[in-house]
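Next comes query_7.cif, a file with mmCIF, C-alpha atoms.
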```
data_coords
#
loop_
_atom_site.label_atom_id
_atom_site.label_comp_id
_atom_site.auth_asym_id
_atom_site.auth_seq_id
_atom_site.Cartn_x
_atom_site.Cartn_y
_atom_site.Cartn_z
CA MET A 1 171.23 150.10 -161.22
CA ARG A 2 173.56 148.96 -163.94
CA LYS A 3 171.30 149.73 -166.90
CA ILE A 4 170.09 153.12 -165.65
CA PHE A 5 173.54 154.38 -164.80
CA TYR A 6 175.08 153.12 -168.01
CA LEU A 7 172.55 155.09 -170.05
CA ILE A 8 173.15 158.24 -168.03
CA LEU A 9 176.90 157.98 -167.74
CA SER A 10 177.50 157.10 -171.36
CA SER A 11 176.35 160.60 -172.28
CA PHE A 12 179.08 162.07 -170.09
CA CYS A 13 181.71 160.82 -172.50
CA SER A 14 180.63 163.48 -174.99
CA ILE A 15 181.84 166.22 -172.65
CA SER A 16 184.88 167.91 -174.16
CA LEU A 17 188.23 167.13 -172.58
CA MET A 18 189.10 170.03 -170.29
CA MET A 19 192.81 170.58 -169.89
CA GLY A 20 194.18 171.98 -166.65
CA THR A 21 197.63 173.08 -165.63
CA GLY A 22 200.78 171.26 -166.70
CA LEU A 23 200.91 169.64 -163.27
CA ALA A 24 197.42 168.20 -163.70
CA GLN A 25 198.27 166.86 -167.15
CA THR A 26 201.37 165.11 -165.83
CA SER A 27 199.44 163.62 -162.90
CA ALA A 28 196.74 162.28 -165.18
CA LEU A 29 199.36 160.21 -166.99
CA SER A 30 201.00 158.83 -163.83
CA PHE A 31 198.80 155.69 -163.88
CA ASP A 32 198.28 153.10 -166.59
CA PHE A 33 194.55 153.25 -167.25
CA SER A 34 194.69 150.75 -170.12
CA ASP A 35 194.52 147.75 -167.77
CA VAL A 36 192.66 148.80 -164.64
CA SER A 37 191.53 146.07 -162.26
CA TYR A 38 189.08 146.46 -159.38
CA ASP A 39 188.90 145.44 -155.75
CA GLY A 40 185.78 145.41 -153.59
CA TYR A 41 184.71 147.23 -150.44
CA LEU A 42 181.74 145.97 -148.43
CA ASN A 43 180.42 148.01 -145.52
CA SER A 44 178.97 145.48 -143.08
CA HIS A 45 177.61 148.19 -140.79
CA HIS A 46 175.25 149.65 -143.40
CA ASN A 47 175.30 146.71 -145.85
CA PHE A 48 176.43 148.33 -149.08
CA MET A 49 179.23 147.41 -151.45
CA VAL A 50 181.17 148.99 -154.29
CA GLN A 51 184.23 148.27 -156.40
CA TYR A 52 187.18 150.66 -156.65
CA PRO A 53 190.08 150.80 -159.15
CA ASP A 54 193.43 149.37 -158.13
CA PHE A 55 195.22 152.72 -158.31
CA LEU A 56 193.21 153.90 -155.28
CA ILE A 57 194.41 152.94 -151.80
CA PRO A 58 191.85 152.28 -149.02
CA GLN A 59 192.34 154.64 -146.10
CA GLY A 60 190.48 152.52 -143.56
CA GLU A 61 186.85 152.62 -142.55
CA SER A 62 185.71 155.69 -140.60
CA GLU A 63 185.38 155.40 -136.82
CA SER A 64 181.62 155.62 -137.16
CA GLY A 65 181.61 152.76 -139.68
CA ASP A 66 179.69 154.88 -142.19
CA GLY A 67 182.13 154.48 -145.08
CA GLN A 68 185.66 154.85 -146.39
CA ARG A 69 187.96 157.06 -148.49
CA PHE A 70 190.29 155.80 -151.23
CA ILE A 71 193.22 157.95 -152.41
CA SER A 72 195.85 157.45 -155.12
CA SER A 73 199.54 157.39 -154.19
CA ASP A 74 200.03 160.90 -155.63
CA GLY A 75 196.90 162.25 -153.94
CA ASP A 76 195.31 163.45 -157.17
CA TYR A 77 192.52 160.85 -157.36
CA VAL A 78 190.06 160.52 -154.51
CA MET A 79 186.98 158.39 -153.96
CA ALA A 80 184.68 158.35 -150.94
CA VAL A 81 181.61 156.23 -150.32
CA TYR A 82 179.42 156.38 -147.23
CA ARG A 83 175.98 156.09 -145.69
CA ASP A 84 174.70 159.65 -145.93
CA PHE A 85 172.58 160.81 -142.99
CA LYS A 86 170.67 163.79 -144.34
CA ASP A 87 168.93 164.71 -141.09
CA SER A 88 170.21 164.34 -137.51
CA THR A 89 166.66 163.53 -136.39
CA GLY A 90 166.62 160.40 -138.53
CA GLU A 91 163.88 161.78 -140.80
CA ASN A 92 164.82 161.37 -144.44
CA PRO A 93 164.02 164.31 -146.72
CA SER A 94 162.49 163.52 -150.09
CA LEU A 95 164.95 162.93 -152.91
CA GLN A 96 163.92 166.23 -154.50
CA ASN A 97 164.47 168.19 -151.26
CA ALA A 98 167.82 166.50 -150.69
CA TYR A 99 168.83 167.37 -154.25
CA HIS A 100 167.90 171.04 -153.84
CA ASN A 101 169.66 171.28 -150.46
CA GLU A 102 172.79 169.76 -151.99
CA SER A 103 172.71 172.14 -154.95
CA THR A 104 172.97 175.14 -152.59
CA ARG A 105 175.81 173.57 -150.59
CA LEU A 106 178.10 172.45 -153.42
CA SER A 107 180.36 174.97 -155.16
CA ASN A 108 181.39 175.42 -158.79
CA VAL A 109 178.71 173.06 -160.09
CA LEU A 110 179.01 172.50 -163.85
CA ASP A 111 176.17 170.03 -164.38
CA ASP A 112 173.56 168.15 -162.38
CA GLU A 113 170.70 165.73 -162.81
CA LEU A 114 167.81 164.47 -160.67
CA ASN A 115 166.54 160.95 -161.38
CA GLU A 116 164.05 158.53 -159.89
CA ASN A 117 166.28 157.14 -157.14
CA TYR A 118 169.49 159.16 -157.28
CA TYR A 119 170.89 162.57 -158.17
CA TRP A 120 174.23 163.56 -159.65
CA PHE A 121 176.45 166.66 -159.54
CA LYS A 122 179.59 167.49 -161.44
CA GLY A 123 181.82 170.42 -160.54
CA LYS A 124 185.28 171.92 -160.61
CA ILE A 125 187.88 172.22 -157.83
CA LYS A 126 190.41 175.11 -158.01
CA HIS A 127 190.60 175.00 -161.82
CA THR A 128 192.67 171.77 -161.69
CA LYS A 129 190.19 169.02 -160.88
CA HIS A 130 186.68 167.79 -161.50
CA TYR A 131 184.45 166.08 -158.99
CA GLN A 132 181.39 163.92 -159.51
CA GLN A 133 178.95 163.08 -156.74
CA PHE A 134 176.23 160.43 -156.90
CA THR A 135 173.71 160.23 -154.08
CA PHE A 136 171.39 157.22 -154.09
CA LEU A 137 168.14 156.68 -152.21
CA LEU A 138 167.92 152.91 -151.74
CA GLU A 139 166.03 150.86 -149.17
CA ASP A 140 164.86 154.15 -147.59
CA ALA A 141 168.47 155.19 -146.92
CA TYR A 142 170.83 157.66 -148.60
CA PHE A 143 174.29 156.66 -149.83
CA THR A 144 176.82 158.98 -151.44
CA LEU A 145 179.65 158.14 -153.84
CA TYR A 146 182.14 160.98 -154.45
CA ILE A 147 185.00 160.93 -156.98
CA GLU A 148 187.54 163.65 -157.86
CA TYR A 149 190.27 163.57 -160.50
CA PRO A 150 192.53 165.91 -162.58
CA LEU A 151 190.94 167.75 -165.49
CA ALA A 152 193.35 166.08 -167.91
CA ALA A 153 191.96 162.66 -166.95
CA GLU A 154 188.37 163.62 -167.82
CA ALA A 155 187.93 161.38 -170.86
CA THR A 156 189.86 158.46 -169.40
CA MET A 157 187.93 158.44 -166.13
CA GLN A 158 184.48 158.11 -167.68
CA ALA A 159 184.63 154.32 -168.20
CA ILE A 160 186.11 153.88 -164.71
CA ILE A 161 183.34 155.97 -163.14
CA GLN A 162 180.74 153.97 -165.07
CA HIS A 163 182.18 150.76 -163.65
CA ILE A 164 182.27 152.08 -160.08
CA VAL A 165 178.69 153.34 -160.18
CA ALA A 166 177.40 150.15 -161.80
CA SER A 167 179.04 148.08 -159.05
CA PHE A 168 177.33 149.95 -156.20
CA SER A 169 174.70 147.81 -154.52
CA VAL A 170 172.87 147.49 -151.21
CA THR A 171 172.93 144.16 -149.41
CA HIS A 172 170.49 143.69 -146.60
CA ASP A 173 168.93 141.28 -144.15
CA GLU A 174 165.46 142.09 -142.87
CA ASN A 175 166.27 140.77 -139.40
CA SER A 176 169.98 141.33 -138.85
CA ALA A 177 173.27 142.20 -140.48
CA MET A 178 174.68 139.70 -142.91
CA ALA A 179 176.06 136.67 -141.14
CA GLY A 180 179.82 136.79 -141.05
CA GLU A 181 182.74 137.31 -143.36
CA GLN A 182 181.84 134.28 -145.49
CA SER A 183 178.55 135.87 -146.56
CA ASP A 184 180.27 139.21 -147.20
CA GLU A 185 182.89 137.60 -149.41
CA PHE A 186 180.32 135.51 -151.23
CA VAL A 187 178.15 138.53 -152.11
CA PHE A 188 181.13 140.11 -153.88
CA PHE A 189 181.61 136.91 -155.87
CA LEU A 190 177.88 136.61 -156.59
CA HIS A 191 177.68 140.18 -157.86
CA GLU A 192 180.53 139.47 -160.29
CA PHE A 193 179.02 136.14 -161.37
CA LEU A 194 175.61 137.65 -162.17
CA GLU A 195 177.20 140.52 -164.11
CA ALA A 196 179.12 138.03 -166.23
CA THR A 197 176.46 135.35 -166.76
CA PHE A 198 172.95 136.51 -165.81
CA TRP A 199 171.94 140.13 -166.37
CA ASP A 200 171.20 140.72 -170.07
CA LYS A 201 172.37 137.17 -170.81
CA ASN A 202 170.75 133.77 -171.22
CA LEU A 203 172.34 131.22 -168.90
CA ASN A 204 170.86 128.29 -170.84
CA ALA A 205 172.64 129.46 -173.99
CA LEU A 206 175.90 129.93 -172.09
CA LEU A 207 175.65 126.35 -170.76
CA ARG A 208 174.70 124.87 -174.13
CA ASP A 209 177.47 126.68 -175.97
CA LYS A 210 180.13 126.10 -173.30
CA ASP A 211 180.63 129.85 -173.36
CA GLU A 212 183.96 131.25 -172.17
CA GLN A 213 182.14 133.67 -169.84
CA LEU A 214 181.19 130.70 -167.66
CA ARG A 215 184.60 129.04 -167.57
CA PRO A 216 186.05 130.94 -164.54
CA TYR A 217 183.03 129.91 -162.45
CA LEU A 218 183.14 126.17 -163.21
CA ASP A 219 185.29 123.47 -161.65
CA PRO A 220 187.31 121.99 -164.55
CA ARG A 221 187.33 118.55 -162.89
CA LEU A 222 183.62 118.33 -162.18
CA ASP A 223 181.80 120.74 -164.51
CA VAL A 224 178.21 121.80 -163.79
CA ARG A 225 175.01 119.74 -163.81
CA ARG A 226 171.34 120.68 -164.04
CA TYR A 227 168.26 119.52 -162.16
CA TYR A 228 165.16 119.37 -164.32
CA SER A 229 161.80 117.62 -163.96
CA PRO A 230 160.56 116.05 -167.21
CA GLY A 231 157.96 114.25 -165.10
CA ALA A 232 157.09 113.86 -161.44
CA ALA A 233 160.66 113.65 -160.12
CA PRO A 234 163.71 115.84 -160.80
CA HIS A 235 166.50 114.30 -162.86
CA LEU A 236 170.11 115.43 -162.74
CA TYR A 237 171.58 115.99 -166.21
CA SER A 238 175.20 116.43 -167.25
CA ARG A 239 176.73 118.28 -170.17
CA ALA A 240 176.94 114.97 -172.06
CA GLU A 241 173.15 114.79 -171.75
CA ASN A 242 172.81 118.38 -172.97
CA PHE A 243 171.67 119.33 -169.45
CA GLY A 244 168.22 117.91 -170.18
CA PHE A 245 167.38 120.78 -172.51
CA ASP A 246 164.39 120.13 -174.77
CA GLN A 247 162.20 121.89 -177.35
CA LEU A 248 160.63 124.04 -174.62
CA THR A 249 163.93 125.37 -173.31
CA ASP A 250 164.35 129.12 -173.66
CA PHE A 251 167.71 130.10 -175.18
CA THR A 252 166.93 133.72 -176.08
CA ASN A 253 165.26 135.68 -173.27
CA SER A 254 167.31 137.51 -170.66
CA LEU A 255 166.59 139.72 -167.69
CA GLU A 256 167.42 143.41 -167.96
CA LEU A 257 168.31 145.17 -164.74
CA SER A 258 166.71 148.62 -164.99
CA GLY A 259 166.40 149.41 -161.30
CA GLU A 260 168.28 148.62 -158.11
CA ASN A 261 169.91 145.27 -157.44
CA SER A 262 170.07 143.99 -153.87
CA TYR A 263 170.98 140.77 -152.07
CA LEU A 264 169.06 139.22 -149.19
CA GLU A 265 170.29 136.40 -146.99
CA MET A 266 167.39 134.05 -146.39
CA THR A 267 166.10 133.08 -142.97
CA PRO A 268 164.74 129.61 -142.10
CA ASP A 269 161.13 130.80 -142.23
CA MET A 270 161.38 131.92 -145.87
CA SER A 271 159.92 129.66 -148.56
CA VAL A 272 161.73 129.38 -151.90
CA CYS A 273 158.41 129.22 -153.74
CA GLU A 274 157.18 132.46 -152.14
CA LEU A 275 160.21 134.67 -152.79
CA ASP A 276 159.39 138.18 -154.00
CA PHE A 277 162.07 139.05 -156.54
CA GLU A 278 160.58 142.49 -157.26
CA ARG A 279 159.97 143.53 -153.67
CA SER A 280 161.46 146.97 -154.40
CA GLY A 281 159.35 147.61 -157.51
CA PRO A 282 159.35 146.61 -161.19
CA GLY A 283 162.84 146.34 -162.69
CA SER A 284 164.49 146.33 -159.24
CA TYR A 285 165.47 142.80 -158.35
CA THR A 286 166.34 141.10 -155.06
CA ILE A 287 168.61 138.07 -155.29
CA TYR A 288 168.29 135.59 -152.43
CA PHE A 289 171.06 133.40 -151.02
CA ALA A 290 171.58 131.08 -148.07
CA PRO A 291 174.46 129.06 -146.60
CA SER A 292 173.76 125.35 -146.91
CA THR A 293 175.08 121.90 -146.23
CA TRP A 294 176.08 119.53 -149.02
CA ASP A 295 172.92 117.41 -149.15
CA PHE A 296 172.44 116.99 -152.89
CA THR A 297 170.95 113.81 -154.31
CA ALA A 298 170.36 112.21 -157.70
CA LEU A 299 167.53 110.02 -158.91
CA VAL A 300 168.77 106.44 -159.35
CA ASN A 301 165.48 104.58 -159.93
CA PRO A 302 162.72 106.46 -161.79
CA GLU A 303 160.22 103.67 -161.11
CA THR A 304 160.58 103.64 -157.33
CA TYR A 305 161.73 107.26 -157.03
CA ASP A 306 164.86 106.23 -155.16
CA PHE A 307 167.48 108.92 -154.69
CA ALA A 308 171.13 108.50 -153.74
CA PRO A 309 173.37 111.12 -152.09
CA ILE A 310 176.01 112.79 -154.23
CA PRO A 311 179.46 112.73 -152.54
CA SER A 312 180.92 116.15 -151.84
CA PRO A 313 184.00 116.84 -153.98
CA TYR A 314 185.60 118.86 -151.18
CA SER A 315 185.28 117.73 -147.60
CA ASP A 316 183.80 120.32 -145.22
CA ALA A 317 183.65 122.95 -147.99
CA ALA A 318 181.20 125.84 -147.67
CA VAL A 319 178.07 125.68 -149.83
CA MET A 320 175.78 128.52 -150.92
CA ARG A 321 172.36 128.27 -152.54
CA VAL A 322 171.28 131.23 -154.66
CA PHE A 323 167.82 131.87 -156.08
CA VAL A 324 167.27 134.12 -159.10
CA PRO A 325 164.07 134.84 -161.06
CA VAL A 326 163.26 133.22 -164.39
CA TYR A 327 160.42 134.74 -166.40
CA TYR A 328 158.74 132.71 -169.11
CA GLN A 329 155.40 133.33 -170.86
CA GLY A 330 154.13 135.58 -168.11
CA PHE A 331 155.17 133.30 -165.23
CA VAL A 332 158.06 133.65 -162.78
CA ASN A 333 159.85 130.76 -161.11
CA PRO A 334 162.91 130.66 -158.88
CA ARG A 335 165.99 129.12 -160.40
CA GLY A 336 168.54 127.63 -158.04
CA LEU A 337 172.25 128.19 -158.48
CA TYR A 338 174.30 126.11 -156.06
CA PHE A 339 177.95 126.91 -155.35
CA ILE A 340 180.77 125.25 -153.43
CA GLN A 341 183.93 126.91 -152.15
CA SER A 342 186.71 124.96 -153.83
CA PRO A 343 190.46 125.55 -153.29
CA ASP A 344 190.26 127.79 -156.38
CA GLY A 345 187.29 129.84 -155.17
CA TRP A 346 183.52 129.59 -155.50
CA LYS A 347 182.39 127.24 -158.29
CA LEU A 348 178.94 126.59 -159.74
CA MET A 349 178.01 122.95 -159.12
CA PHE A 350 174.31 122.74 -159.96
CA VAL A 351 171.61 124.70 -161.77
CA ASP A 352 168.17 123.81 -160.41
CA ASP A 353 165.21 124.21 -162.75
CA SER A 354 163.02 121.76 -160.85
CA LEU A 355 161.81 124.15 -158.14
CA CYS A 356 158.16 125.00 -157.49
CA SER A 357 156.81 122.99 -160.44
CA ALA A 358 159.19 124.74 -162.84
#
```
Rewrite the coordinates I just gave you, this time as structure tokens.
Amino acid sequence: MRKIFYLILSSFCSISLMMGTGLAQTSALSFDFSDVSYDGYLNSHHNFMVQYPDFLIPQGESESGDGQRFISSDGDYVMAVYRDFKDSTGENPSLQNAYHNESTRLSNVLDDELNENYYWFKGKIKHTKHYQQFTFLLEDAYFTLYIEYPLAAEATMQAIIQHIVASFSVTHDENSAMAGEQSDEFVFFLHEFLEATFWDKNLNALLRDKDEQLRPYLDPRLDVRRYYSPGAAPHLYSRAENFGFDQLTDFTNSLELSGENSYLEMTPDMSVCELDFERSGPGSYTIYFAPSTWDFTALVNPETYDFAPIPSPYSDAAVMRVFVPVYYQGFVNPRGLYFIQSPDGWKLMFVDDSLCSA
């Protein structure tokens, strides 16, 4: 959703700053918004995740497991995110009907908008605060994100709200809930990694140029290597070998996320070469991942096609394989991104461009 919501939310910044009471103005300045950092919340019960600013304090997940509230220390900033059950019978209303029902329920609405897979309301609370509510229809389920803040913080909060909305994503498993805390934690990392290095960016160019955006995700002792098949067998190339890049390598194209972004943990019966990256429709991408063992090899004899195992740099460390789409000249291939959990966090070990006759 990052691209859609950025385009919509960027227009909000043109709204004039609305000043409230003196108390509201003082409260709006009680936090340093110049250097906001974000933490993550993942709801394992309904498989959604979102980031929240560090001046909000988690209040604990609801007893039902539907979501959580986050409140600032002074009580003036509030955020809530939850699975929104629109009908007790389990029947989902259409997005348009849900939007119209909401418009009659909410009070002091100043602005609203209905879009393809979400609707938005903005309103006022007791002449001292604004609220913004985003309700998404994703994977045939409704989710609501609600934020309220002092009027005097209107202009400052826009970039923060943009970040929060852009970070919202649904994670799902077609057969069961995501497997364990390791997968939950990894999805947060993966979301951050793709934002920094994949969406609207060209990973080949970042590798070639030793771009600073990649540095936090690489092990400084080992660096990253790339599998590529110049012939019948995949070779493993290092940075010193320019990762095996050649005249056919694409350094310009990137993938623009214009719809929803979701994550799916693979099951053993799923084939890498048959992954459907646009299962939710054009512009809405599913990223696949799977826990793995360290069983990587390198070609040591091109004539006999002999491969040798690559020693693991960290004994018993967790490994994750990720598969993202690469589009080139009308074709789509999976690209493998293989990570290991080092003492300093998840690090990218290998990029695999040898899959499915890539």
Quick one: apply the PyMOL selection byres ((chain A and resi 143) around 9) to the file and drop the selected residues here as number ranges by chain. A: 48, 81-85, 134-138, 141-142, 144-145
Restricted to C-alpha atoms, what would the selected residues look like written as an mmCIF file, in the frame of the given file?
```cif
data_model
loop_
_atom_site.group_PDB
_atom_site.id
_atom_site.type_symbol
_atom_site.label_atom_id
_atom_site.label_comp_id
_atom_site.auth_asym_id
_atom_site.auth_seq_id
_atom_site.Cartn_x
_atom_site.Cartn_y
_atom_site.Cartn_z
ATOM 1 C CA PHE A 48 176.430 148.330 -149.080
ATOM 2 C CA VAL A 81 181.610 156.230 -150.320
ATOM 3 C CA TYR A 82 179.420 156.380 -147.230
ATOM 4 C CA ARG A 83 175.980 156.090 -145.690
ATOM 5 C CA ASP A 84 174.700 159.650 -145.930
ATOM 6 C CA PHE A 85 172.580 160.810 -142.990
ATOM 7 C CA PHE A 134 176.230 160.430 -156.900
ATOM 8 C CA THR A 135 173.710 160.230 -154.080
ATOM 9 C CA PHE A 136 171.390 157.220 -154.090
ATOM 10 C CA LEU A 137 168.140 156.680 -152.210
ATOM 11 C CA LEU A 138 167.920 152.910 -151.740
ATOM 12 C CA ALA A 141 168.470 155.190 -146.920
ATOM 13 C CA TYR A 142 170.830 157.660 -148.600
ATOM 14 C CA THR A 144 176.820 158.980 -151.440
ATOM 15 C CA LEU A 145 179.650 158.140 -153.840
#
```
For the structure provided, state which residues fall under the PyMOL selection byres ((chain A and resi 288-298) around 10), and present them as a VMD selection string. chain A and resid 179 182 to 183 186 to 187 190 227 234 to 237 262 to 268 272 275 to 277 285 to 287 299 to 301 305 to 325 334 336 to 340 350
List, as a PyMOL selection string, every residue that the PyMOL selection byres ((chain A and resi 74) around 10) selects in the file provided. chain A and resi 27+30-31+55-56+71-73+75-77
How far is it from atom CA of Arg226 of chain A to atom CA of Pro343 of chain A, in Å with one decimal?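 We find that atom CA of Arg226 of chain A and atom CA of Pro343 of chain A lie 22.5 Å from each other.
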What lies within 8 Å of Tyr119 of chain A using all atoms listed in the file, ignoring chain neighbours under 2 positions off, as a PyMOL selection string? chain A and resi 95+99+112-115+117+121+134-136
Have a look at atom CA of Lys210 of chain A and atom CA of Ser37 of chain A and let me know their distance in Å, one decimal. 25.5 Å
Using only C-alpha atoms, I'd like a table of the residues in segment 45-94 of chain A that come within 8 Å of segment 157-173 of chain A; for each, show the closest atom pair and its distance in Å rounded to one decimal, ordered by chain and ascending number, as JSON lines.
```
{"residue": "A:Asn47", "atom": "CA", "partner": "A:Thr171", "partner_atom": "CA", "distance": 5.0}
{"residue": "A:Phe48", "atom": "CA", "partner": "A:Val170", "partner_atom": "CA", "distance": 4.2}
{"residue": "A:Met49", "atom": "CA", "partner": "A:Ser169", "partner_atom": "CA", "distance": 5.5}
{"residue": "A:Val50", "atom": "CA", "partner": "A:Phe168", "partner_atom": "CA", "distance": 4.4}
{"residue": "A:Gln51", "atom": "CA", "partner": "A:Ile164", "partner_atom": "CA", "distance": 5.6}
{"residue": "A:Tyr52", "atom": "CA", "partner": "A:Ile164", "partner_atom": "CA", "distance": 6.2}
{"residue": "A:Pro53", "atom": "CA", "partner": "A:Ile160", "partner_atom": "CA", "distance": 7.5}
```
